[in-house]
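Undergrad: Here you go, one structure.
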Amino acid sequence: MKTIKILGSGCAKCKTLYQNTLEAVKQTGIEAEVIKIEDFQEMMKYNVLTTPVLMIDEKSVIKGRVADVAEIKTLLIQ
Amino acid sequence: MLIIQELCPTKTQEKIKSGALLVDVRERNEVAELAYDVPAIVNIPLTEFEERFRELPTDRELVIVCRSGGRSLRAAGFLLNNGYTDVINMKHGMIRWAQKGFPTIGDVSTVLDTAPAHQCCGGHGHHHEEKKEEVKKSDSTCC
């Protein structure tokens with residue numbers, strides 16, 4: 001099972017990335033836990049500068065921008 | 001737990017007088033519109049920060065600034081995580097700085113307007129509302 005984390009301060013971009021990620025997980029049918037991290041202290045454990053960040057299994061794959069569903073699907077099946 | 005020292009713009013004036021270096025992490029276009037007018041300041045946009053933060057001195061007090069205090073908080077945390085020790089975040093950023101009438105170069109209406117173009121992470125919507133609320137709430141407690 002993959003662990004996916006969305007790190008962001010709760011702004012519109014972060015919410016869009018979260019929703020796109022949920023949709024990508026649904027469309028690919030993979031087993032994944034999607035966790036939203038908005039707490040500043042928690043974010044700083046990952047030394048986040050630009051948000052939102054998409055992490056798959058503890059690796060940052062998107063930083064500082066929104067990815068669309070198709071791009072996230074590609075990242076998920078890699 | 002990461003502990004980040006924070007100061008309001010008024011208290012930051014004292015730090016500037018005592019030789020602190022301001023580090024503006026806003027993007028270049030934002031700085032071109034409206035800049036902090038202080039003797040010692042560098043601009044390292046947050047989008048370049050990871051590659052360029054080593055340009056910052058380790059032997060000087062750093063006050064990190066941005067538009068509203070959100071991006072600068074993350075940059076301050078990043079510096080502390082990377083071995084810098086004398087790092088302060090300026091709360092409320094350029095918005096409060098301009099409201100207080102501290103020196104700027106450029107058009108202050110870009111931050112004093114109620115519909116700012118840039119947010120802590122480039123987003124719009126309710127987060128902006130939250131930030132405004134936060135500023136309002138702290139009016140009585142911050143200088």
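We name chains A, B, ... following the order of the structure tokens; residues begin at 1 in each chain, and ligands are numbered from 1 as shown.
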Would you mind listing, as a PyMOL selection string, all residues of chain A that have at least one atom within 12 Å of chain B, where only C-alpha atoms are what counts?
TA: chain A and resi 7-17+39-53+63-66
Undergrad: Using only C-alpha atoms, which of B:Ile105, B:Leu22, B:Val111, B:Cys66 sits nearest Val87 (chain B)?
TA: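 Checking each candidate against Val87 (chain B), we get B:Leu22 as the closest.
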Undergrad: Name all residues at most 9 Å from Ile35 (chain A) (count only C-alpha atoms; drop same-chain ones fewer than 4 positions away) and give them as a list in words.
TA: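 The residues satisfying every condition are Thr3, Ile4, Lys5, Ile6, Leu7 and Tyr18 of chain A.
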Undergrad: Please produce a file of the residues just selected, as an mmCIF file, in the first residue's frame, where the atoms kept are C-alpha atoms.
TA:
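Listed below is the output, selection_32.cif:
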```
data_model
loop_
_atom_site.group_PDB
_atom_site.id
_atom_site.type_symbol
_atom_site.label_atom_id
_atom_site.label_comp_id
_atom_site.auth_asym_id
_atom_site.auth_seq_id
_atom_site.Cartn_x
_atom_site.Cartn_y
_atom_site.Cartn_z
ATOM 1 C CA THR A 3 1.328 6.324 1.563
ATOM 2 C CA ILE A 4 0.550 9.638 -0.051
ATOM 3 C CA LYS A 5 0.926 12.923 1.773
ATOM 4 C CA ILE A 6 -0.282 16.351 0.676
ATOM 5 C CA LEU A 7 1.536 19.108 2.514
ATOM 6 C CA TYR A 18 -5.619 16.928 -2.522
#
```
Undergrad: Which residues are near Met1 (chain A)? Cut-off 9 Å, only C-alpha atoms, ignore same chain within fewer than 5 positions. Put them as an mmCIF file with N, CA and C atoms, in the first residue's frame.
TA:
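The resulting file, around.cif, is reproduced below:
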```cif
data_model
loop_
_atom_site.group_PDB
_atom_site.id
_atom_site.type_symbol
_atom_site.label_atom_id
_atom_site.label_comp_id
_atom_site.auth_asym_id
_atom_site.auth_seq_id
_atom_site.Cartn_x
_atom_site.Cartn_y
_atom_site.Cartn_z
ATOM 1 N N ILE A 30 -5.379 1.863 -7.163
ATOM 2 C CA ILE A 30 -4.308 1.348 -6.295
ATOM 3 C C ILE A 30 -4.707 1.505 -4.830
ATOM 4 N N GLU A 31 -4.058 0.724 -4.014
ATOM 5 C CA GLU A 31 -4.335 0.816 -2.588
ATOM 6 C C GLU A 31 -3.421 1.891 -2.004
ATOM 7 N N ALA A 32 -4.017 2.916 -1.463
ATOM 8 C CA ALA A 32 -3.191 4.017 -0.941
ATOM 9 C C ALA A 32 -3.896 4.724 0.204
ATOM 10 N N GLU A 33 -3.078 5.203 1.107
ATOM 11 C CA GLU A 33 -3.590 6.034 2.195
ATOM 12 C C GLU A 33 -3.201 7.476 1.862
#
```
Undergrad: Could you state the separation of CA of Ala32 (chain B) and CA of Ile4 (chain B) in Å, given to one decimal place?
TA: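 Computing the Euclidean distance for CA of Ala32 (chain B) and CA of Ile4 (chain B) yields 28.1 Å.
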Undergrad: Mind checking which residues fall within 9 Å of Met90 (chain B), counting only C-alpha atoms, ignoring those fewer than 3 positions away in the same chain, and posting them as a list in words?
TA: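 Using only C-alpha atoms, the neighbours found are Gln5, Glu6, Leu7, Cys8, Pro9, Lys11, Thr12, Val63, Ile64, Val65, Cys66, Ser68, Gly69, Ser72, Leu73 and Gly93 of chain B.
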Undergrad: Atoms to include: N, CA and C atoms. Write the selected residues as a compact mmCIF listing (two decimals), in the first residue's frame.
TA:
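And here's part_6.txt as it stands now:
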```
# COMPACT_ATOMS: atom_id res chain seq x y z
N GLN B 5 11.53 32.23 16.40
CA GLN B 5 11.30 33.53 17.01
C GLN B 5 10.58 34.42 16.01
N GLU B 6 9.55 35.13 16.46
CA GLU B 6 8.81 36.01 15.57
C GLU B 6 8.69 37.41 16.17
N LEU B 7 8.74 38.38 15.28
CA LEU B 7 8.59 39.78 15.69
C LEU B 7 7.62 40.48 14.76
N CYS B 8 6.96 41.51 15.26
CA CYS B 8 6.09 42.33 14.42
C CYS B 8 6.96 43.37 13.71
N PRO B 9 6.43 44.07 12.71
CA PRO B 9 7.23 45.06 11.99
C PRO B 9 7.81 46.17 12.88
N LYS B 11 8.78 45.98 16.09
CA LYS B 11 9.95 45.44 16.80
C LYS B 11 11.10 45.18 15.83
N THR B 12 10.75 44.90 14.59
CA THR B 12 11.78 44.64 13.58
C THR B 12 12.63 45.90 13.34
N VAL B 63 16.41 38.57 9.60
CA VAL B 63 14.96 38.71 9.78
C VAL B 63 14.30 38.40 8.44
N ILE B 64 13.51 37.34 8.42
CA ILE B 64 12.92 36.88 7.17
C ILE B 64 11.56 37.57 6.99
N VAL B 65 11.35 38.10 5.80
CA VAL B 65 10.11 38.85 5.55
C VAL B 65 9.47 38.39 4.23
N CYS B 66 8.16 38.60 4.15
CA CYS B 66 7.45 38.33 2.89
C CYS B 66 6.25 39.27 2.83
N SER B 68 2.87 38.43 3.91
CA SER B 68 1.96 38.34 5.05
C SER B 68 2.54 37.57 6.23
N GLY B 69 3.74 37.03 6.05
CA GLY B 69 4.38 36.31 7.15
C GLY B 69 4.31 34.80 7.03
N SER B 72 7.63 33.58 4.80
CA SER B 72 8.84 33.85 5.58
C SER B 72 8.96 32.89 6.76
N LEU B 73 7.82 32.47 7.29
CA LEU B 73 7.85 31.51 8.41
C LEU B 73 8.45 30.18 7.94
N GLY B 93 4.26 40.49 7.71
CA GLY B 93 4.90 40.88 6.46
C GLY B 93 4.69 42.31 6.00
```
Undergrad: Which of region 4-60 of chain A end up as strand (DSSP E) when DSSP is run on this backbone - answer as a list in words?
TA: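 So the strand (DSSP E) residues in region 4-60 of chain A would be Ile4, Lys5, Ile6, Leu7, Ala32, Glu33, Val34, Ile35, Lys36, Ile37, Val53, Leu54, Met55, Ile56, Lys59 and Ser60 of chain A.
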Undergrad: Determine which residues of region 31-121 of chain B receive a DSSP assignment of alpha helix (DSSP H), computed from the backbone, and state them as a PyMOL selection string.
TA: chain B and resi 31-33+46-52+70-81+93-99+109-112
Undergrad: One decimal, in Å: what's the spacing between CA of Ser60 (chain A) and CA of Val23 (chain B)?
TA: 25.9 Å
Undergrad: Report, in Å with one decimal, the straight-line distance from CA of Val108 (chain B) to CA of Val25 (chain B).
TA: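 Separation between CA of Val108 (chain B) and CA of Val25 (chain B): 17.7 Å.
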Undergrad: B:Arg28, B:Tyr36, B:Arg60, B:Ile16: which is nearest Met94 (chain B), counting only C-alpha atoms?
TA: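 Smallest distance to Met94 (chain B) is found for B:Tyr36.
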Undergrad: Nearest to Val25 (chain A): which of A:Ala67, A:Ile77, A:Val61, A:Leu54 is it, counting only C-alpha atoms?
TA: A:Ile77
